[in-house]
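Content type CSV, C-alpha atoms and all ligand atoms, from the file upload34.csv:
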```csv
chain,number,residue,atom,x,y,z
A,1,MET,CA,59.5,38.7,73.1
A,2,ARG,CA,58.8,34.9,72.9
A,3,GLN,CA,61.8,32.6,72.3
A,4,LYS,CA,59.7,29.8,70.9
A,5,ILE,CA,56.6,29.6,68.7
A,6,VAL,CA,54.7,26.5,67.9
A,7,ILE,CA,52.6,26.6,64.7
A,8,GLY,CA,49.9,24.0,64.3
A,9,THR,CA,49.2,22.7,60.8
A,10,ARG,CA,47.4,20.1,58.8
A,11,SER,CA,49.6,17.7,57.0
A,12,SER,CA,48.5,18.2,53.4
A,13,LYS,CA,51.2,19.5,51.0
A,14,LEU,CA,49.5,22.8,50.7
A,15,ALA,CA,48.9,23.3,54.5
A,16,LEU,CA,52.6,22.4,55.1
A,17,TRP,CA,53.7,24.9,52.4
A,18,GLN,CA,51.6,27.6,54.1
A,19,ALA,CA,52.8,26.8,57.6
A,20,ASN,CA,56.5,26.7,56.5
A,21,TYR,CA,56.1,29.9,54.6
A,22,ILE,CA,54.8,31.7,57.7
A,23,ALA,CA,57.5,30.0,59.8
A,24,SER,CA,60.2,31.3,57.5
A,25,CYS,CA,58.7,34.9,57.6
A,26,LEU,CA,58.9,34.7,61.4
A,27,ALA,CA,62.4,33.3,61.5
A,28,GLU,CA,63.6,36.0,59.2
A,29,ARG,CA,61.9,38.8,61.1
A,30,TYR,CA,63.0,37.6,64.5
A,31,PRO,CA,66.5,36.1,64.4
A,32,GLY,CA,67.0,33.6,67.2
A,33,LEU,CA,63.3,32.7,67.4
A,34,GLU,CA,62.7,29.0,67.5
A,35,VAL,CA,59.7,28.1,65.3
A,36,THR,CA,58.4,24.6,65.2
A,37,LEU,CA,55.5,22.9,63.4
A,38,LYS,CA,53.1,20.5,65.0
A,39,HIS,CA,51.1,18.3,62.6
A,40,MET,CA,47.5,17.8,63.3
A,41,VAL,CA,44.6,16.0,61.7
A,42,THR,CA,41.2,17.7,61.3
A,43,LYS,CA,37.8,16.3,60.5
A,44,GLY,CA,38.0,17.6,56.9
A,45,ASP,CA,41.2,15.5,56.5
A,46,LYS,CA,39.5,12.3,57.7
A,47,ILE,CA,36.2,12.4,55.7
A,48,LEU,CA,37.4,12.2,52.1
A,49,ASP,CA,34.5,10.3,50.5
A,50,VAL,CA,31.7,12.8,51.1
A,51,PRO,CA,31.2,16.0,49.1
A,52,LEU,CA,32.1,19.0,51.3
A,53,ALA,CA,28.6,20.5,50.7
A,54,LYS,CA,27.1,17.4,52.3
A,55,ILE,CA,29.2,17.2,55.4
A,56,GLY,CA,28.5,20.9,56.1
A,57,GLY,CA,29.3,22.0,59.6
A,58,LYS,CA,31.6,24.9,60.2
A,59,GLY,CA,35.2,24.7,60.9
A,60,LEU,CA,35.8,21.4,59.2
A,61,PHE,CA,39.4,22.2,58.7
A,62,THR,CA,40.0,24.4,61.7
A,63,GLN,CA,38.3,22.9,64.9
A,64,GLU,CA,41.1,20.6,66.1
A,65,LEU,CA,43.7,23.3,65.6
A,66,GLU,CA,41.5,25.8,67.5
A,67,SER,CA,41.2,23.5,70.5
A,68,ALA,CA,44.9,23.0,70.5
A,69,MET,CA,45.4,26.8,70.5
A,70,LEU,CA,43.0,27.3,73.3
A,71,ASN,CA,44.7,24.7,75.5
A,72,GLY,CA,48.1,26.1,74.8
A,73,GLU,CA,49.5,23.2,72.8
A,74,ILE,CA,50.2,25.5,69.8
A,75,ASP,CA,50.5,29.3,69.6
A,76,LEU,CA,49.1,29.9,66.2
A,77,ALA,CA,47.5,28.2,63.2
A,78,VAL,CA,47.9,29.1,59.5
A,79,HIS,CA,44.8,28.5,57.4
A,80,SER,CA,43.6,29.2,53.9
A,81,LEU,CA,41.3,32.1,54.8
A,82,LYS,CA,38.5,30.5,52.6
A,83,ASP,CA,38.4,27.5,54.9
A,84,MET,CA,37.7,29.6,57.9
A,85,PRO,CA,34.2,30.1,59.3
A,86,THR,CA,33.1,33.8,59.5
A,87,GLU,CA,32.8,33.6,63.3
A,88,LEU,CA,35.7,32.3,65.4
A,89,PRO,CA,35.4,30.6,68.7
A,90,THR,CA,35.6,32.8,71.8
A,91,GLY,CA,39.2,33.5,72.8
A,92,LEU,CA,40.6,33.3,69.3
A,93,THR,CA,41.2,36.0,66.8
A,94,LEU,CA,42.6,36.6,63.3
A,95,ALA,CA,46.0,38.0,64.1
A,96,ALA,CA,46.9,38.7,60.5
A,97,ILE,CA,45.7,38.2,56.9
A,98,THR,CA,48.6,37.9,54.4
A,99,GLU,CA,48.8,39.6,51.0
A,100,ARG,CA,46.6,37.7,48.7
A,101,GLU,CA,48.0,35.3,46.1
A,102,THR,CA,46.0,35.2,42.9
A,103,PRO,CA,42.3,34.8,43.8
A,104,TRP,CA,41.0,33.2,40.6
A,105,ASP,CA,39.9,29.7,39.8
A,106,ALA,CA,42.0,27.7,37.3
A,107,LEU,CA,41.0,25.1,34.7
A,108,VAL,CA,43.3,22.2,34.3
A,109,SER,CA,42.5,20.4,31.0
A,110,PRO,CA,45.5,18.8,29.4
A,111,GLU,CA,43.6,17.9,26.3
A,112,TYR,CA,41.2,20.7,25.7
A,113,LYS,CA,42.9,23.7,27.5
A,114,THR,CA,39.9,26.0,27.9
A,115,LEU,CA,36.3,26.0,29.0
A,116,ALA,CA,35.2,27.1,25.5
A,117,CYS,CA,37.1,24.2,23.9
A,118,LEU,CA,35.5,21.5,26.0
A,119,PRO,CA,33.3,19.2,23.9
A,120,VAL,CA,29.6,19.1,24.5
A,121,GLY,CA,28.8,17.0,27.6
A,122,ALA,CA,32.4,17.0,28.8
A,123,LYS,CA,33.1,15.7,32.4
A,124,VAL,CA,34.4,18.3,34.8
A,125,GLY,CA,35.5,17.7,38.4
A,126,THR,CA,35.0,20.2,41.1
A,127,SER,CA,34.4,20.1,44.8
A,128,SER,CA,32.3,23.2,45.4
A,129,LEU,CA,28.7,24.2,44.7
A,130,ARG,CA,30.0,27.7,43.8
A,131,ARG,CA,32.2,26.4,41.0
A,132,LYS,CA,29.6,23.9,39.8
A,133,ALA,CA,26.9,26.5,39.5
A,134,GLN,CA,29.1,29.0,37.7
A,135,LEU,CA,30.4,26.4,35.3
A,136,LEU,CA,26.9,25.3,34.5
A,137,LYS,CA,25.9,28.9,33.9
A,138,ALA,CA,28.6,29.2,31.3
A,139,ARG,CA,28.2,25.7,29.9
A,140,PRO,CA,24.8,24.0,30.8
A,141,ASP,CA,25.9,20.9,28.9
A,142,LEU,CA,28.7,20.0,31.2
A,143,LYS,CA,28.6,16.9,33.4
A,144,ILE,CA,29.9,18.0,36.8
A,145,SER,CA,31.3,15.3,39.1
A,146,ASP,CA,32.4,15.7,42.7
A,147,LEU,CA,36.1,16.0,43.4
A,148,ARG,CA,37.4,15.9,46.9
A,149,GLY,CA,40.8,15.5,48.5
A,150,ASN,CA,44.1,17.2,48.6
A,151,LEU,CA,45.4,19.0,45.5
A,152,ASP,CA,47.6,16.0,44.5
A,153,THR,CA,44.7,13.6,44.9
A,154,ARG,CA,42.5,15.8,42.8
A,155,LEU,CA,45.0,16.1,40.1
A,156,LYS,CA,45.4,12.3,40.0
A,157,LYS,CA,41.6,11.9,39.7
A,158,LEU,CA,41.8,13.9,36.4
A,159,GLU,CA,43.3,10.7,34.9
A,160,THR,CA,41.9,7.9,37.1
A,161,GLU,CA,38.3,9.2,36.8
A,162,GLN,CA,38.7,10.1,33.2
A,163,LEU,CA,37.7,13.7,33.6
A,164,ASP,CA,38.1,16.2,30.7
A,165,ALA,CA,38.9,19.0,33.1
A,166,ILE,CA,39.1,20.0,36.8
A,167,VAL,CA,38.7,23.4,38.4
A,168,LEU,CA,40.9,24.4,41.4
A,169,ALA,CA,42.1,27.5,43.1
A,170,ALA,CA,45.0,28.9,41.1
A,171,ALA,CA,46.6,30.0,44.4
A,172,GLY,CA,47.1,26.4,45.7
A,173,LEU,CA,48.6,25.3,42.4
A,174,LYS,CA,51.0,28.3,42.4
A,175,ARG,CA,52.1,27.7,45.9
A,176,LEU,CA,53.0,24.1,45.3
A,177,GLY,CA,54.9,25.0,42.1
A,178,TRP,CA,52.3,23.4,39.8
A,179,GLU,CA,51.3,26.6,38.0
A,180,GLN,CA,52.4,25.1,34.6
A,181,LEU,CA,49.5,22.6,34.9
A,182,ILE,CA,46.9,25.5,34.6
A,183,THR,CA,45.6,25.6,31.1
A,184,GLU,CA,43.1,28.5,31.7
A,185,ILE,CA,42.6,31.1,34.4
A,186,LEU,CA,38.8,31.6,34.7
A,187,PRO,CA,38.0,35.3,34.7
A,188,LYS,CA,35.7,36.6,37.4
A,189,GLU,CA,32.9,37.0,34.8
A,190,ILE,CA,32.9,33.2,34.6
A,191,SER,CA,33.9,32.2,38.1
A,192,LEU,CA,33.9,34.6,41.0
A,193,PRO,CA,36.1,33.2,43.8
A,194,ALA,CA,35.2,32.0,47.2
A,195,VAL,CA,35.4,34.3,50.2
A,196,GLY,CA,39.0,34.9,51.0
A,197,GLN,CA,40.4,32.7,48.3
A,198,GLY,CA,44.2,33.1,47.9
A,199,ALA,CA,44.7,34.8,51.3
A,200,LEU,CA,46.2,33.2,54.4
A,201,ALA,CA,44.8,33.7,57.9
A,202,ILE,CA,46.9,33.6,60.9
A,203,GLU,CA,44.8,32.6,63.9
A,204,ALA,CA,46.0,33.1,67.5
A,205,ARG,CA,44.7,33.5,71.1
A,206,ALA,CA,42.9,36.9,71.4
A,207,ASN,CA,44.6,37.6,74.8
A,208,ASP,CA,48.1,36.7,73.8
A,209,GLN,CA,49.3,40.3,73.3
A,210,GLU,CA,52.9,39.2,72.8
A,211,ILE,CA,52.2,36.8,69.9
A,212,LEU,CA,49.7,39.2,68.4
A,213,GLN,CA,52.3,42.0,68.2
A,214,MET,CA,54.8,39.6,66.8
A,215,LEU,CA,52.4,38.6,64.0
A,216,ALA,CA,51.2,42.1,63.1
A,217,PHE,CA,53.8,42.6,60.4
A,218,LEU,CA,52.3,39.8,58.4
A,219,ASN,CA,49.1,41.6,57.9
A,220,ASP,CA,48.4,43.1,54.5
A,221,GLU,CA,46.1,46.1,54.7
A,222,ASP,CA,44.5,46.0,51.3
A,223,THR,CA,43.8,42.3,51.5
A,224,SER,CA,42.3,42.7,55.0
A,225,TYR,CA,39.8,45.3,53.8
A,226,ALA,CA,38.8,43.2,50.9
A,227,VAL,CA,38.3,40.1,52.9
A,228,ILE,CA,36.5,41.9,55.7
A,229,ALA,CA,33.9,42.9,53.1
A,230,GLU,CA,33.8,39.5,51.6
A,231,ARG,CA,33.3,37.8,54.9
A,232,SER,CA,30.7,40.2,56.0
A,233,PHE,CA,28.8,39.5,52.8
A,234,LEU,CA,28.9,35.8,53.5
A,235,ASN,CA,28.0,36.2,57.1
A,236,GLU,CA,24.9,38.2,56.2
A,237,LEU,CA,23.7,35.5,53.7
A,238,GLU,CA,24.6,32.4,55.6
A,239,GLY,CA,21.4,30.7,56.7
A,240,GLY,CA,22.8,27.4,57.8
A,241,CYS,CA,23.2,26.1,54.3
A,242,GLN,CA,25.8,26.0,51.6
A,243,VAL,CA,25.1,28.7,49.1
A,244,PRO,CA,26.5,28.7,45.5
A,245,MET,CA,27.9,32.2,45.5
A,246,GLY,CA,31.1,33.9,44.6
A,247,VAL,CA,32.4,37.3,45.9
A,248,TYR,CA,35.5,39.3,45.2
A,249,GLY,CA,36.7,42.5,46.9
A,250,CYS,CA,39.7,44.6,45.9
A,251,ILE,CA,41.2,48.0,46.5
A,252,GLU,CA,41.8,50.3,43.6
A,253,ASN,CA,42.7,54.0,43.9
A,254,ASN,CA,41.9,53.9,47.6
A,255,GLU,CA,38.4,52.6,46.9
A,256,LEU,CA,37.0,49.3,47.9
A,257,TYR,CA,35.1,47.4,45.1
A,258,LEU,CA,33.0,44.4,46.0
A,259,GLU,CA,31.4,42.2,43.4
A,260,ALA,CA,29.2,39.2,44.1
A,261,ALA,CA,27.0,36.6,42.5
A,262,ILE,CA,24.4,34.2,44.0
A,263,LEU,CA,23.3,31.3,41.7
A,264,SER,CA,20.8,28.6,41.7
A,265,LEU,CA,22.4,25.1,41.9
A,266,ASP,CA,22.0,24.6,38.2
A,267,GLY,CA,23.4,28.0,37.3
A,268,GLN,CA,20.3,29.0,35.4
A,269,ARG,CA,19.5,31.9,37.7
A,270,VAL,CA,22.0,34.4,38.7
A,271,ILE,CA,21.9,37.6,40.9
A,272,ARG,CA,24.9,39.7,40.3
A,273,ASP,CA,25.7,43.1,41.8
A,274,THR,CA,28.6,45.3,42.8
A,275,LEU,CA,29.3,48.1,45.4
A,276,CYS,CA,32.0,50.6,45.9
A,277,SER,CA,32.9,52.5,49.0
A,278,SER,CA,35.7,53.7,51.2
A,279,PRO,CA,37.8,50.8,52.7
A,280,ALA,CA,36.8,51.9,56.2
A,281,GLY,CA,33.2,50.9,55.5
A,282,ALA,CA,34.2,47.3,54.4
A,283,GLU,CA,32.1,45.5,56.9
A,284,ASP,CA,29.0,47.6,56.4
A,285,MET,CA,29.5,47.3,52.6
A,286,GLY,CA,29.5,43.5,52.6
A,287,ARG,CA,26.2,43.5,54.6
A,288,ARG,CA,24.6,46.1,52.3
A,289,LEU,CA,25.5,44.2,49.2
A,290,ALA,CA,24.1,41.0,50.6
A,291,GLN,CA,20.9,42.7,51.7
A,292,ARG,CA,20.5,44.3,48.2
A,293,MET,CA,21.0,41.0,46.5
A,294,TYR,CA,18.6,39.2,48.9
A,295,VAL,CA,15.9,41.6,47.7
A,296,GLN,CA,16.8,41.2,44.1
A,297,GLY,CA,16.0,37.5,44.1
A,298,GLY,CA,18.6,36.0,46.4
A,299,LYS,CA,15.8,35.4,48.9
A,300,GLU,CA,14.1,32.9,46.6
A,301,ILE,CA,17.3,31.1,45.7
A,302,LEU,CA,18.2,30.7,49.4
A,303,ALA,CA,14.8,29.5,50.3
A,304,GLU,CA,15.0,26.8,47.5
A,305,LEU,CA,18.4,25.7,48.8
A,306,LEU,CA,17.1,25.3,52.3
A,307,ASP,CA,14.0,23.4,51.0
A,308,GLY,CA,16.4,21.1,49.0
A,309,GLU,CA,18.5,20.4,52.1
A,310,GLN,CA,15.4,19.5,54.2
A,311,GLU,CA,14.1,17.3,51.4
A,312,GLU,CA,17.4,15.4,51.5
A,313,LYS,CA,17.3,14.9,55.2
A,314,LYS,CA,13.8,13.4,55.1
B,401,LIG,N1,38.8,24.2,49.6
B,401,LIG,C1,40.2,23.7,49.7
B,401,LIG,C2,41.2,24.8,49.5
B,401,LIG,N2,41.4,25.7,50.5
B,401,LIG,C3,42.4,26.5,50.1
B,401,LIG,C4,42.7,26.2,48.8
B,401,LIG,C5,43.8,26.9,48.0
B,401,LIG,C6,43.5,28.3,47.6
B,401,LIG,C7,43.4,29.3,48.7
B,401,LIG,O1,44.4,29.5,49.4
B,401,LIG,O2,42.4,30.0,48.7
B,401,LIG,C8,42.0,25.1,48.4
B,401,LIG,C9,42.1,24.3,47.2
B,401,LIG,C10,41.0,24.7,46.1
B,401,LIG,O3,40.0,25.3,46.4
B,401,LIG,O4,41.2,24.3,45.0
```
I'd like the structure from this file rewritten - as structure tokens, please.
Ligand SMILES: NCc1[nH]cc(CCC(=O)O)c1CC(=O)O
Amino acid sequence: MRQKIVIGTRSSKLALWQANYIASCLAERYPGLEVTLKHMVTKGDKILDVPLAKIGGKGLFTQELESAMLNGEIDLAVHSLKDMPTELPTGLTLAAITERETPWDALVSPEYKTLACLPVGAKVGTSSLRRKAQLLKARPDLKISDLRGNLDTRLKKLETEQLDAIVLAAAGLKRLGWEQLITEILPKEISLPAVGQGALAIEARANDQEILQMLAFLNDEDTSYAVIAERSFLNELEGGCQVPMGVYGCIENNELYLEAAILSLDGQRVIRDTLCSSPAGAEDMGRRLAQRMYVQGGKEILAELLDGEQEEKK
């Protein structure tokens, strides 16, 4: 067994909370093990003034950590699973996926409290196409403005940019002890979460058997099945563009349920579908659901998105 483990982490409050959480799980499990954190900066931390959907590119929050893992500077990295590309660089693997924290999106609106209570034309901040499209579906009157940055930056912007509400992942707020700021949890009928939202991914070198064995206890089986299906769904649909879509998998009575929605950017068109199968078929199920929704009209929405992106590049 290894005497020392180095965890690479981004320096945002949330990233540090997550890395410290895994460090403490390891220290508790392996008394005597020396666990240290190495702070690193990723491209996603540097570019703060451009909406995520515009920067595009995969692995915005992961690439620098991955290089450091491959060259042996760090042994593992703790990520929010939802920030991870569906395909990892050669030589790296997901060593464990932790039990999911609440997967839902949360509304923070000190004045109006709920989506239903927001006045006509209210200004809502969010950083993702997925949230934007789903919000507009429920409330076409809303003015959505871009909201980037760490959780604390985004919360501050609620005041400084005079927003009536912002939408964030409930999991992040909970982890940082800011749960009391949530004024409404958006149900999945309104806002289906992003792939892997709420789960942590522990990434390590694929050939480092010792570390992989040491990390295995962190893996939560039910969460793993659910996110394998979600990631497989995403992987099947990904066509080199950001898609406004939400997907949520969960295990109930030993069955895996998968629910997804693909939306047009303005939220006016929605394809929504569900599948249920045995957990062992998770990957296949994600693919099947994606293919089914593609035929049901997902194809047209995706084509429009690609056209839109090309128009912008002209
Ligand atoms: N995109 C940023 C991001 N990546 C992970 C989380 C926290 C939630 C999680 O662990 O899924 C957040 C914040 C947010 O979406 O509001």
Collect all residues with atoms no farther than 9 Å from ligand LIG 401 (chain B), counting all atoms listed in the file, and output them as a count of residues only.
40
Any chance you could tabulate, as CSV, the residues of region 183-297 of chain A at most 10 Å from region 19-38 of chain A with each one's nearest atom pair and distance in Å to one decimal, using all atoms listed in the file, in chain and rising number order?
```
residue,atom,partner,partner_atom,distance
A:Leu200,CA,A:Ile22,CA,9.3
A:Ile202,CA,A:Ile22,CA,8.7
A:Met214,CA,A:Leu26,CA,8.4
A:Leu215,CA,A:Leu26,CA,8.0
A:Phe217,CA,A:Arg29,CA,9.0
A:Leu218,CA,A:Cys25,CA,8.1
```
Skip region 115-124 of chain A itself and residues of its chain fewer than 2 positions away, then list as a VMD selection string all residues within 7 Å of it, counting all atoms listed in the file.
chain A and resid 112 to 113 126 141 to 145 163 to 166
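Residue nearest Arg131 (chain A) within the list A:Leu16, A:Leu234, A:Leu289, A:Leu107: A:Leu107 [criterion: smallest interatomic distance, all atoms listed in the file].
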To one decimal place in Å, what is the distance between CA of Pro85 (chain A) and CA of Val41 (chain A)?
17.7 Å
Rounded to one decimal place, report the CA of Ser191 (chain A)-CA of Val78 (chain A) distance in Å.
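Atom-to-atom, CA of Ser191 (chain A) to CA of Val78 (chain A), that is 25.8 Å.
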For a test of reading the model, state the distance in Å between CA of Glu236 (chain A) and CA of Phe61 (chain A), rounded to one decimal.
21.7 Å
Closest to Arg288 (chain A) among A:Leu258, A:Val270, A:Gln180, A:Leu305, using all atoms listed in the file?
A:Leu258
Considering only C-alpha atoms, return as a tab-separated table (two decimals) with C-alpha atoms, in the frame of the given file whatever protein or nucleic-acid residues lie within 8 Å of Asp273 (chain A), sequence-local ones (same chain, fewer than 5 positions apart) excluded.
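Output below, filename out-v9.tsv:
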```
chain	number	residue	atom	x	y	z
A	259	GLU	CA	31.40	42.20	43.40
A	260	ALA	CA	29.20	39.20	44.10
A	261	ALA	CA	27.00	36.60	42.50
A	289	LEU	CA	25.50	44.20	49.20
A	293	MET	CA	21.00	41.00	46.50
```
Taking (44.5, 32.4, 64.3) as a centre in this file's frame and 12 Å as the limit, can you find every polymer residue with an atom that close, using all atoms listed in the file, and give them as JSON, numbers by chain?
{"A": [7, 8, 9, 62, 63, 65, 66, 67, 68, 69, 70, 74, 75, 76, 77, 78, 79, 80, 81, 84, 85, 87, 88, 89, 90, 91, 92, 93, 94, 95, 96, 97, 200, 201, 202, 203, 204, 205, 206, 207, 208, 211, 212, 215, 216]}
Those residues you just picked out, can you put them in a file as a short mmCIF file (atom, residue, chain, number, x, y, z; two decimals), in the frame of the given file with C-alpha atoms?
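Dumped to selection_29.cif:
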```
data_model
loop_
_atom_site.label_atom_id
_atom_site.label_comp_id
_atom_site.auth_asym_id
_atom_site.auth_seq_id
_atom_site.Cartn_x
_atom_site.Cartn_y
_atom_site.Cartn_z
CA ILE A 7 52.60 26.60 64.70
CA GLY A 8 49.90 24.00 64.30
CA THR A 9 49.20 22.70 60.80
CA THR A 62 40.00 24.40 61.70
CA GLN A 63 38.30 22.90 64.90
CA LEU A 65 43.70 23.30 65.60
CA GLU A 66 41.50 25.80 67.50
CA SER A 67 41.20 23.50 70.50
CA ALA A 68 44.90 23.00 70.50
CA MET A 69 45.40 26.80 70.50
CA LEU A 70 43.00 27.30 73.30
CA ILE A 74 50.20 25.50 69.80
CA ASP A 75 50.50 29.30 69.60
CA LEU A 76 49.10 29.90 66.20
CA ALA A 77 47.50 28.20 63.20
CA VAL A 78 47.90 29.10 59.50
CA HIS A 79 44.80 28.50 57.40
CA SER A 80 43.60 29.20 53.90
CA LEU A 81 41.30 32.10 54.80
CA MET A 84 37.70 29.60 57.90
CA PRO A 85 34.20 30.10 59.30
CA GLU A 87 32.80 33.60 63.30
CA LEU A 88 35.70 32.30 65.40
CA PRO A 89 35.40 30.60 68.70
CA THR A 90 35.60 32.80 71.80
CA GLY A 91 39.20 33.50 72.80
CA LEU A 92 40.60 33.30 69.30
CA THR A 93 41.20 36.00 66.80
CA LEU A 94 42.60 36.60 63.30
CA ALA A 95 46.00 38.00 64.10
CA ALA A 96 46.90 38.70 60.50
CA ILE A 97 45.70 38.20 56.90
CA LEU A 200 46.20 33.20 54.40
CA ALA A 201 44.80 33.70 57.90
CA ILE A 202 46.90 33.60 60.90
CA GLU A 203 44.80 32.60 63.90
CA ALA A 204 46.00 33.10 67.50
CA ARG A 205 44.70 33.50 71.10
CA ALA A 206 42.90 36.90 71.40
CA ASN A 207 44.60 37.60 74.80
CA ASP A 208 48.10 36.70 73.80
CA ILE A 211 52.20 36.80 69.90
CA LEU A 212 49.70 39.20 68.40
CA LEU A 215 52.40 38.60 64.00
CA ALA A 216 51.20 42.10 63.10
#
```
Would you kindly identify which residues have an atom no farther than 9 Å from (28.3, 27.6, 43.3), using all atoms listed in the file and the file's own coordinates, and write them out as a list in words?
Ser128, Leu129, Arg130, Arg131, Lys132, Ala133, Gln134, Leu135, Ser191, Gln242, Val243, Pro244, Met245, Gly246, Ile262, Leu263, Ser264, Leu265, Asp266 and Gly267 of chain A
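Closest to Leu256 (chain A) among A:Glu159, A:Glu283, A:Glu311, A:Glu238 is A:Glu283, based on all atoms listed in the file.
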